[in-house]
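Content type CSV, C-alpha atoms and all ligand atoms, from the file entry.csv:
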chain,number,residue,atom,x,y,z
A,1,MET,CA,42.5,2.8,17.8
A,2,ALA,CA,44.2,4.0,21.0
A,3,LEU,CA,46.2,1.4,23.0
A,4,ASP,CA,45.1,2.6,26.4
A,5,HIS,CA,42.0,0.4,26.6
A,6,LYS,CA,39.8,3.4,26.8
A,7,SER,CA,37.0,4.0,24.2
A,8,PRO,CA,35.9,7.5,23.8
A,9,SER,CA,33.4,7.0,26.6
A,10,ASP,CA,36.2,5.9,28.9
A,11,VAL,CA,34.9,2.4,29.3
A,12,LEU,CA,37.6,-0.4,29.0
A,13,THR,CA,38.0,-1.9,25.6
A,14,THR,CA,38.8,-5.6,25.9
A,15,ILE,CA,39.8,-6.5,22.4
A,16,TYR,CA,40.5,-4.8,19.1
A,17,TRP,CA,42.1,-5.3,15.7
A,18,ASP,CA,45.3,-3.4,15.3
A,19,ASN,CA,47.4,-3.4,12.2
A,20,ASN,CA,47.2,-7.1,11.3
A,21,SER,CA,47.2,-8.2,14.9
A,22,VAL,CA,44.7,-8.6,17.7
A,23,LYS,CA,45.2,-6.7,20.9
A,24,LEU,CA,43.5,-7.9,24.1
A,25,ILE,CA,43.6,-7.1,27.8
A,26,ASP,CA,45.3,-10.0,29.6
A,27,GLN,CA,42.6,-10.7,32.2
A,28,THR,CA,44.8,-13.2,34.1
A,29,ARG,CA,46.8,-10.2,35.3
A,30,LEU,CA,43.9,-8.2,36.6
A,31,PRO,CA,43.3,-6.5,39.0
A,32,GLU,CA,47.1,-5.9,39.7
A,33,LYS,CA,48.1,-5.0,36.1
A,34,LEU,CA,46.2,-3.7,33.1
A,35,GLU,CA,48.3,-5.1,30.3
A,36,THR,CA,47.8,-5.9,26.7
A,37,ILE,CA,48.7,-9.1,24.8
A,38,THR,CA,49.3,-8.9,21.0
A,39,CYS,CA,48.3,-11.9,19.0
A,40,PHE,CA,49.7,-12.3,15.5
A,41,THR,CA,48.4,-15.8,14.9
A,42,TYR,CA,45.1,-17.7,15.4
A,43,LEU,CA,47.0,-20.1,17.6
A,44,GLU,CA,47.9,-17.3,20.0
A,45,VAL,CA,44.3,-16.3,20.1
A,46,ALA,CA,43.2,-19.9,20.8
A,47,ASP,CA,45.8,-20.0,23.6
A,48,SER,CA,44.5,-16.7,25.1
A,49,ILE,CA,40.9,-18.0,25.1
A,50,LYS,CA,41.9,-21.3,26.7
A,51,ARG,CA,43.8,-19.8,29.5
A,52,LEU,CA,41.2,-17.1,30.2
A,53,ALA,CA,43.4,-14.2,29.1
A,54,ILE,CA,40.2,-13.3,27.3
A,55,ARG,CA,36.9,-14.7,28.6
A,56,GLY,CA,33.2,-13.9,28.7
A,57,ALA,CA,30.8,-15.2,26.0
A,58,PRO,CA,30.6,-12.2,23.6
A,59,ALA,CA,34.3,-11.4,24.0
A,60,ILE,CA,35.4,-14.9,23.1
A,61,GLY,CA,33.0,-14.8,20.1
A,62,VAL,CA,34.8,-11.7,18.7
A,63,ALA,CA,38.2,-13.1,19.7
A,64,ALA,CA,37.5,-16.3,17.7
A,65,ALA,CA,36.3,-14.2,14.8
A,66,MET,CA,39.5,-12.1,14.8
A,67,GLY,CA,41.5,-15.3,15.2
A,68,LEU,CA,40.0,-16.7,12.0
A,69,ALA,CA,40.8,-13.4,10.3
A,70,LEU,CA,44.4,-13.7,11.4
A,71,CYS,CA,44.5,-17.2,9.9
A,72,ALA,CA,43.3,-15.7,6.6
A,73,ILE,CA,45.8,-12.8,6.4
A,74,ASN,CA,48.7,-15.1,7.4
A,75,SER,CA,47.9,-17.6,4.7
A,76,SER,CA,50.2,-18.2,1.9
A,77,SER,CA,47.7,-20.2,-0.1
A,78,SER,CA,47.3,-19.3,-3.7
A,79,THR,CA,43.7,-20.7,-4.3
A,80,LYS,CA,40.4,-20.3,-2.7
A,81,ALA,CA,40.2,-24.0,-2.0
A,82,LYS,CA,43.5,-24.0,-0.1
A,83,ILE,CA,42.7,-21.0,2.1
A,84,ILE,CA,39.3,-22.4,2.9
A,85,ASP,CA,40.9,-25.6,4.0
A,86,GLU,CA,43.3,-23.6,6.3
A,87,LEU,CA,40.3,-21.7,7.7
A,88,LYS,CA,38.5,-24.9,8.4
A,89,SER,CA,41.3,-26.3,10.5
A,90,ALA,CA,41.7,-23.0,12.4
A,91,TYR,CA,37.9,-22.9,12.9
A,92,GLN,CA,38.1,-26.3,14.6
A,93,ILE,CA,41.0,-25.4,16.8
A,94,LEU,CA,39.4,-22.2,17.9
A,95,LEU,CA,36.0,-23.9,18.5
A,96,GLU,CA,37.5,-26.5,20.8
A,97,THR,CA,39.1,-23.9,23.1
A,98,ARG,CA,35.9,-23.7,25.3
A,99,PRO,CA,32.7,-25.7,24.9
A,100,THR,CA,29.9,-23.9,26.7
A,101,ALA,CA,29.5,-20.3,25.3
A,102,ILE,CA,27.7,-20.5,22.0
A,103,ASN,CA,29.1,-17.1,20.9
A,104,LEU,CA,32.4,-18.8,20.1
A,105,LYS,CA,30.7,-20.8,17.3
A,106,TRP,CA,28.6,-17.8,16.3
A,107,GLY,CA,31.7,-15.7,15.7
A,108,LEU,CA,33.5,-18.4,13.8
A,109,ASP,CA,30.5,-19.2,11.6
A,110,ARG,CA,30.0,-15.6,10.6
A,111,VAL,CA,33.6,-15.1,9.5
A,112,PHE,CA,33.8,-18.4,7.8
A,113,ARG,CA,30.6,-17.7,5.8
A,114,GLU,CA,32.1,-14.4,4.8
A,115,ALA,CA,35.2,-16.1,3.5
A,116,GLU,CA,33.2,-18.5,1.5
A,117,LYS,CA,31.4,-15.7,-0.4
A,118,TYR,CA,34.6,-14.5,-2.3
A,119,GLU,CA,36.6,-16.1,-5.1
A,120,THR,CA,40.1,-14.7,-4.7
A,121,VAL,CA,42.5,-15.1,-1.8
A,122,GLU,CA,43.0,-11.4,-1.6
A,123,GLU,CA,39.2,-10.7,-1.3
A,124,ILE,CA,38.9,-13.4,1.3
A,125,LYS,CA,41.7,-11.9,3.4
A,126,LYS,CA,40.3,-8.3,3.1
A,127,ASN,CA,36.7,-9.3,3.9
A,128,THR,CA,37.3,-11.7,6.8
A,129,VAL,CA,39.2,-8.9,8.5
A,130,ALA,CA,36.5,-6.4,7.7
A,131,CYS,CA,33.8,-8.8,9.0
A,132,ALA,CA,35.6,-9.4,12.3
A,133,ILE,CA,36.2,-5.7,12.9
A,134,LYS,CA,32.5,-5.0,12.1
A,135,MET,CA,31.5,-7.7,14.7
A,136,SER,CA,33.5,-5.9,17.3
A,137,GLN,CA,31.9,-2.6,16.5
A,138,GLU,CA,28.4,-4.2,16.5
A,139,ASP,CA,29.1,-5.7,19.9
A,140,ILE,CA,29.4,-2.3,21.5
A,141,ALA,CA,26.3,-0.9,19.8
A,142,ILE,CA,24.3,-4.0,20.8
A,143,ASN,CA,25.4,-3.7,24.5
A,144,LYS,CA,24.3,-0.1,24.6
A,145,LYS,CA,20.8,-0.9,23.1
A,146,LEU,CA,20.5,-3.8,25.6
A,147,GLY,CA,21.6,-1.6,28.4
A,148,ASN,CA,18.9,1.0,27.6
A,149,TYR,CA,16.2,-1.7,27.6
A,150,GLY,CA,17.5,-3.0,30.9
A,151,SER,CA,17.8,0.4,32.5
A,152,ASP,CA,14.0,0.7,32.3
A,153,LEU,CA,13.6,-2.2,34.7
A,154,ILE,CA,15.7,-0.5,37.4
A,155,ASN,CA,14.4,2.0,39.9
A,156,ASP,CA,16.2,5.0,41.2
A,157,GLY,CA,18.3,3.9,44.2
A,158,ASP,CA,18.1,0.2,43.5
A,159,VAL,CA,20.8,-2.2,44.8
A,160,VAL,CA,21.6,-4.7,42.0
A,161,MET,CA,23.5,-7.9,42.6
A,162,THR,CA,25.6,-9.5,39.8
A,163,HIS,CA,27.5,-12.7,39.6
A,164,CYS,CA,30.7,-13.4,37.6
A,165,ASN,CA,31.7,-10.7,35.1
A,166,ALA,CA,29.3,-9.8,32.4
A,167,GLY,CA,30.9,-6.4,31.8
A,168,ALA,CA,33.1,-4.5,29.4
A,169,LEU,CA,35.7,-7.2,30.1
A,170,ALA,CA,33.3,-10.0,29.0
A,171,THR,CA,32.5,-8.2,25.8
A,172,VAL,CA,34.3,-5.9,23.4
A,173,SER,CA,33.3,-3.0,25.7
A,174,TYR,CA,30.3,-1.7,27.8
A,175,GLY,CA,29.1,-5.1,28.9
A,176,THR,CA,25.7,-6.9,29.1
A,177,ALA,CA,24.7,-7.1,32.7
A,178,LEU,CA,27.1,-4.3,33.6
A,179,GLY,CA,26.0,-2.5,30.4
A,180,VAL,CA,22.6,-2.2,32.0
A,181,ILE,CA,24.3,-0.8,35.1
A,182,ARG,CA,26.2,1.7,33.0
A,183,SER,CA,23.0,2.8,31.2
A,184,VAL,CA,21.2,3.2,34.5
A,185,LYS,CA,23.9,5.5,35.7
A,186,LYS,CA,23.9,7.5,32.5
A,187,SER,CA,20.1,7.9,32.8
A,188,GLY,CA,20.7,9.8,36.0
A,189,LYS,CA,19.2,7.2,38.4
A,190,LYS,CA,21.2,6.3,41.4
A,191,ILE,CA,22.4,2.7,41.5
A,192,SER,CA,24.7,0.6,43.6
A,193,VAL,CA,26.1,-2.9,42.8
A,194,ILE,CA,26.8,-5.9,44.9
A,195,ALA,CA,29.4,-8.2,43.2
A,196,THR,CA,29.9,-11.8,44.2
A,197,GLU,CA,33.5,-12.9,44.3
A,198,THR,CA,32.7,-15.9,42.0
A,199,ARG,CA,35.0,-18.7,43.1
A,200,PRO,CA,37.1,-20.3,41.9
A,201,VAL,CA,38.4,-17.9,39.2
A,202,MET,CA,37.2,-14.8,41.0
A,203,GLN,CA,35.8,-13.0,38.0
A,204,GLY,CA,33.6,-11.0,40.4
A,205,SER,CA,36.4,-9.6,42.5
A,206,ARG,CA,39.2,-9.5,39.9
A,207,LEU,CA,37.1,-8.2,37.0
A,208,THR,CA,33.6,-6.9,37.9
A,209,ALA,CA,34.9,-4.9,41.0
A,210,PHE,CA,37.9,-3.7,38.9
A,211,GLU,CA,35.8,-2.3,36.1
A,212,LEU,CA,33.2,-0.7,38.2
A,213,VAL,CA,35.8,1.0,40.4
A,214,HIS,CA,37.5,2.0,37.1
A,215,ASP,CA,34.2,3.6,36.0
A,216,GLU,CA,33.5,5.1,39.4
A,217,ILE,CA,30.3,3.1,39.8
A,218,ASP,CA,29.3,2.3,43.5
A,219,VAL,CA,30.2,-1.4,44.1
A,220,SER,CA,30.6,-3.6,47.1
A,221,LEU,CA,32.2,-7.0,47.0
A,222,ILE,CA,30.8,-10.0,48.9
A,223,PRO,CA,31.8,-13.7,49.3
A,224,ASP,CA,29.6,-16.0,47.3
A,225,THR,CA,28.5,-17.5,50.6
A,226,ALA,CA,26.9,-14.2,51.7
A,227,VAL,CA,24.2,-14.1,48.9
A,228,GLY,CA,21.4,-15.6,51.0
A,229,HIS,CA,22.2,-13.4,54.0
A,230,LEU,CA,22.0,-10.2,52.0
A,231,MET,CA,18.8,-11.2,50.3
A,232,ALA,CA,17.1,-12.3,53.6
A,233,ASN,CA,18.1,-8.9,55.0
A,234,LYS,CA,16.5,-7.0,52.1
A,235,MET,CA,19.8,-5.6,50.9
A,236,ILE,CA,19.2,-6.6,47.3
A,237,ASP,CA,16.5,-5.2,45.0
A,238,LYS,CA,17.3,-7.0,41.7
A,239,VAL,CA,19.8,-9.5,40.3
A,240,ILE,CA,21.2,-9.1,36.7
A,241,VAL,CA,23.7,-11.7,35.3
A,242,GLY,CA,25.0,-12.4,31.8
A,243,ALA,CA,24.7,-15.7,29.9
A,244,ASP,CA,27.0,-18.1,28.0
A,245,ARG,CA,24.1,-19.8,26.2
A,246,ILE,CA,20.3,-19.5,26.2
A,247,LEU,CA,18.1,-22.2,24.8
A,248,LYS,CA,14.8,-21.6,23.0
A,249,THR,CA,13.0,-22.8,26.2
A,250,GLY,CA,14.7,-20.0,28.2
A,251,HIS,CA,17.2,-22.3,30.0
A,252,VAL,CA,20.3,-20.2,30.8
A,253,TYR,CA,23.8,-21.5,31.0
A,254,ASN,CA,26.1,-19.1,33.0
A,255,LYS,CA,29.0,-19.1,35.4
A,256,ILE,CA,28.9,-21.7,38.1
A,257,GLY,CA,26.9,-20.4,41.1
A,258,THR,CA,24.3,-18.5,39.0
A,259,TYR,CA,21.7,-21.2,39.7
A,260,GLN,CA,22.0,-20.9,43.4
A,261,VAL,CA,21.8,-17.1,43.2
A,262,ALA,CA,18.6,-17.5,41.1
A,263,LEU,CA,17.1,-19.9,43.5
A,264,LEU,CA,17.7,-17.6,46.4
A,265,ALA,CA,16.4,-14.7,44.5
A,266,LYS,CA,13.2,-16.6,43.8
A,267,SER,CA,12.7,-17.6,47.4
A,268,HIS,CA,13.1,-14.0,48.5
A,269,GLY,CA,10.9,-12.5,45.8
A,270,ILE,CA,13.7,-10.7,44.1
A,271,PRO,CA,13.5,-10.3,40.3
A,272,PHE,CA,16.3,-12.2,38.6
A,273,TYR,CA,17.2,-10.9,35.1
A,274,VAL,CA,19.6,-12.2,32.4
A,275,ALA,CA,21.2,-9.8,30.0
A,276,ALA,CA,22.5,-11.2,26.7
A,277,PRO,CA,22.7,-10.4,23.0
A,278,LEU,CA,20.8,-12.5,20.5
A,279,SER,CA,24.1,-14.1,19.5
A,280,THR,CA,24.0,-16.0,22.9
A,281,PHE,CA,20.8,-17.8,21.9
A,282,ASP,CA,21.1,-21.4,20.8
A,283,LEU,CA,17.8,-22.3,19.1
A,284,ASN,CA,19.0,-25.7,17.8
A,285,ASN,CA,20.0,-27.7,20.9
A,286,GLU,CA,18.4,-29.0,24.1
A,287,THR,CA,19.8,-29.2,27.6
A,288,SER,CA,21.0,-32.8,27.0
A,289,ASP,CA,23.2,-31.6,24.2
A,290,ILE,CA,25.1,-29.0,26.1
A,291,VAL,CA,28.6,-29.6,27.4
A,292,ILE,CA,29.4,-27.9,30.7
A,293,GLU,CA,33.1,-27.1,30.8
A,294,GLU,CA,35.1,-28.7,33.6
A,295,ARG,CA,38.2,-26.8,34.4
A,296,SER,CA,41.5,-27.6,36.0
A,297,VAL,CA,41.6,-28.9,39.6
A,298,GLU,CA,44.3,-26.3,40.2
A,299,GLU,CA,41.6,-23.5,40.2
A,300,VAL,CA,40.1,-25.1,43.3
A,301,ILE,CA,43.1,-26.5,45.1
A,302,LYS,CA,45.0,-23.2,45.1
A,303,ILE,CA,44.6,-19.5,45.7
A,304,GLY,CA,47.5,-18.0,43.8
A,305,ASP,CA,50.4,-20.1,44.7
A,306,LYS,CA,49.0,-21.1,48.1
A,307,ARG,CA,47.5,-24.6,48.4
A,308,ILE,CA,44.1,-24.5,50.3
A,309,ALA,CA,43.1,-28.2,50.0
A,310,PRO,CA,44.9,-31.4,51.1
A,311,ALA,CA,46.8,-33.5,48.6
A,312,GLY,CA,44.8,-36.5,47.5
A,313,VAL,CA,41.3,-34.9,47.8
A,314,ARG,CA,39.0,-35.5,44.8
A,315,ILE,CA,38.0,-32.2,43.0
A,316,PHE,CA,35.1,-31.5,40.8
A,317,ASN,CA,35.2,-28.1,39.0
A,318,PRO,CA,32.3,-27.4,36.7
A,319,ALA,CA,32.7,-23.9,35.2
A,320,PHE,CA,29.0,-23.3,34.4
A,321,ASP,CA,25.5,-24.2,35.6
A,322,LEU,CA,22.0,-24.2,34.2
A,323,THR,CA,19.3,-21.9,35.5
A,324,PRO,CA,15.8,-23.0,34.5
A,325,PRO,CA,13.3,-20.5,33.0
A,326,GLU,CA,10.9,-20.5,36.0
A,327,LEU,CA,13.6,-18.6,38.0
A,328,ILE,CA,14.1,-15.9,35.4
A,329,ALA,CA,11.9,-12.7,35.5
A,330,GLY,CA,13.1,-11.5,32.1
A,331,ILE,CA,15.8,-11.8,29.4
A,332,ILE,CA,17.2,-8.4,28.4
A,333,THR,CA,18.3,-8.3,24.7
A,334,GLU,CA,19.1,-5.7,22.1
A,335,ASN,CA,15.6,-6.2,20.7
A,336,GLY,CA,13.9,-5.7,24.0
A,337,VAL,CA,13.1,-7.6,27.2
A,338,ILE,CA,11.7,-11.1,26.7
A,339,SER,CA,9.2,-12.1,29.3
A,340,PRO,CA,7.9,-15.6,30.2
A,341,PRO,CA,6.6,-17.8,28.7
A,342,TYR,CA,10.0,-18.0,27.0
A,343,GLU,CA,9.4,-20.8,24.6
A,344,LYS,CA,6.6,-18.7,22.9
A,345,ASN,CA,8.2,-15.3,23.3
A,346,VAL,CA,11.7,-16.3,22.1
A,347,ARG,CA,10.1,-17.8,19.0
A,348,ILE,CA,8.1,-14.6,18.4
A,349,LEU,CA,11.2,-12.5,18.8
A,350,PHE,CA,13.3,-14.6,16.4
A,351,ASN,CA,10.5,-14.9,13.9
A,352,SER,CA,10.2,-11.1,13.8
A,353,LEU,CA,13.9,-10.6,12.8
B,401,LIG,O1,34.5,-18.6,32.4
B,401,LIG,P1,34.1,-17.3,31.9
B,401,LIG,O2,34.8,-16.2,32.7
B,401,LIG,O3,34.3,-17.1,30.5
B,401,LIG,O4,32.6,-17.2,32.2
B,401,LIG,C1,31.9,-16.0,31.8
B,401,LIG,C2,30.5,-16.0,32.3
B,401,LIG,O5,29.9,-16.9,32.8
B,401,LIG,C3,29.8,-14.7,32.1
B,401,LIG,O6,28.9,-14.4,33.2
B,401,LIG,C4,29.0,-14.8,30.8
B,401,LIG,O7,29.9,-15.1,29.7
B,401,LIG,C5,28.3,-13.6,30.4
B,401,LIG,S1,29.4,-12.5,29.7
B,401,LIG,C6,28.6,-11.2,29.1

Kindly return the structure encoded in the file as structure tokens.
Ligand code: MRU
Amino acid sequence: MALDHKSPSDVLTTIYWDNNSVKLIDQTRLPEKLETITCFTYLEVADSIKRLAIRGAPAIGVAAAMGLALCAINSSSSTKAKIIDELKSAYQILLETRPTAINLKWGLDRVFREAEKYETVEEIKKNTVACAIKMSQEDIAINKKLGNYGSDLINDGDVVMTHCNAGALATVSYGTALGVIRSVKKSGKKISVIATETRPVMQGSRLTAFELVHDEIDVSLIPDTAVGHLMANKMIDKVIVGADRILKTGHVYNKIGTYQVALLAKSHGIPFYVAAPLSTFDLNNETSDIVIEERSVEEVIKIGDKRIAPAGVRIFNPAFDLTPPELIAGIITENGVISPPYEKNVRILFNSL
């Protein structure tokens, strides 16, 4: 695959397998620099996930899967039992990089299950790599399907707000929430996007604005604090965000600030949609089981190298929040749009698979 981050459709490609290594866009360098990191070991992949060089739920799912495949091909084990043991310990290290997005576990489980199917070390190596590559290809196809379903919800000329980055940079390519935007544009309808900055890591300004400008999609950037003002002044028609984990009840975990955007949308009568693949659903856990990642105080204390808070102040920096189902107008998936009541309709969808 080409190394210039452009798929044939010219959308950014965030991560790909390349000749026994994993190449990924270093998102910590955006928007100033579009640079690639090459990971040769699963520990390098784990480090990239931890420090947000790659982030976004579907992207870290594929990164973890490719990380596990790297562990397999680098193994010098001579028996199935030994290589499976190595994979188990890599699985745990990759799993512990970030706690909230369920896609991480989904990606690891899929590659690990694939490894268990084979008897020889060579077969395990070959098939874990093939599985991880297949997952990355499926991700793009899923986002395109999901994008087409979502496109039907958007009218010609709509202004759509999004929060954080649920775009090509949060997936292998094309994106979920921004996949919907791309599909709307492709359908010939006019669309413009309002992106929130998304403090403190600025995924909205650094990544969403970057990739929409890159694709020549109309985008305006606003401070997070301007959401209510724009909604009250009828400047937003719809909201679409991504998700890190969706429970069977329709509770959605996404980037911190999503909940307040959803509340404001509800109180202004603006439809609030979530776009996510089925791999983001967690049908086994309840809200009390979910760990919301708390990130470093440095993210809040500083902008770049400049300190913006006094020494000694106490900082709380949760990276995700929970949006309850009653605020969500629909969940856009590759199998169609799920409408409320979610508990019933999520069950129907998964039973039909
Ligand atoms: O901390 P991040 O940047 O990994 O958080 C990402 C988000 O919250 C995205 O909105 C979410 O993963 C959806 S990505 C398609």

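Distances to ligand LIG 401 (chain B) were evaluated for A:Asp224, A:Asp244, A:Glu44, A:Asp305 using all atoms listed in the file, and the minimum falls at A:Asp244.
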
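Proximity to Ile154 in chain A was assessed for A:Gly204, A:Val239, A:Asp215, A:Lys88 counting all atoms listed in the file; the smallest distance is recorded for A:Val239.
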
note - CA of Leu169 in chain A and CA of Arg295 in chain A are separated by 20.2 Å

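Distance-wise, CA of Asp321 in chain A and CA of Val252 in chain A end up 8.1 Å apart.
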
Please give the centre and size of the box around range 289-297 of chain A (axis-aligned, containing every atom listed in the file, 6 Å added per side), with values in Å to one decimal and written as AutoDock Vina command-line options.
--center_x 32.4 --center_y -29.2 --center_z 31.9 --size_x 30.4 --size_y 16.8 --size_z 27.4

Could you give me, as CSV, a per-residue list for chain A showing, wherever an atom lies at most 8 Å from an atom of ligand LIG 401 (chain B), the closest pair of atoms and their distance in Å to one decimal, using all atoms listed in the file and sorting by chain then residue number from low to high?
residue,atom,partner,partner_atom,distance
A:Leu52,CA,B:LIG401,O3,6.9
A:Ile54,CA,B:LIG401,O3,7.7
A:Arg55,CA,B:LIG401,O3,4.0
A:Gly56,CA,B:LIG401,O7,3.7
A:Ala57,CA,B:LIG401,O7,3.8
A:Pro58,CA,B:LIG401,C6,5.9
A:Ala59,CA,B:LIG401,S1,7.6
A:Ile60,CA,B:LIG401,O3,7.8
A:Ala101,CA,B:LIG401,O7,6.8
A:His163,CA,B:LIG401,O6,6.8
A:Cys164,CA,B:LIG401,O6,4.9
A:Asn165,CA,B:LIG401,O6,5.0
A:Ala166,CA,B:LIG401,C6,3.7
A:Gly167,CA,B:LIG401,C6,6.0
A:Ala170,CA,B:LIG401,S1,4.7
A:Thr171,CA,B:LIG401,C6,5.9
A:Gly175,CA,B:LIG401,C6,6.1
A:Thr176,CA,B:LIG401,C6,5.2
A:Ala177,CA,B:LIG401,C6,6.7
A:Val201,CA,B:LIG401,O2,7.6
A:Gln203,CA,B:LIG401,O2,6.3
A:Val241,CA,B:LIG401,O6,6.2
A:Gly242,CA,B:LIG401,C5,3.8
A:Ala243,CA,B:LIG401,C5,4.2
A:Asp244,CA,B:LIG401,O7,4.5
A:Tyr253,CA,B:LIG401,O5,7.8
A:Asn254,CA,B:LIG401,O5,4.4
A:Lys255,CA,B:LIG401,O5,3.5
A:Ile256,CA,B:LIG401,O5,7.2
A:Ala275,CA,B:LIG401,C6,7.6
A:Ala276,CA,B:LIG401,C6,6.6
A:Ala319,CA,B:LIG401,O1,6.3
A:Phe320,CA,B:LIG401,O5,6.7
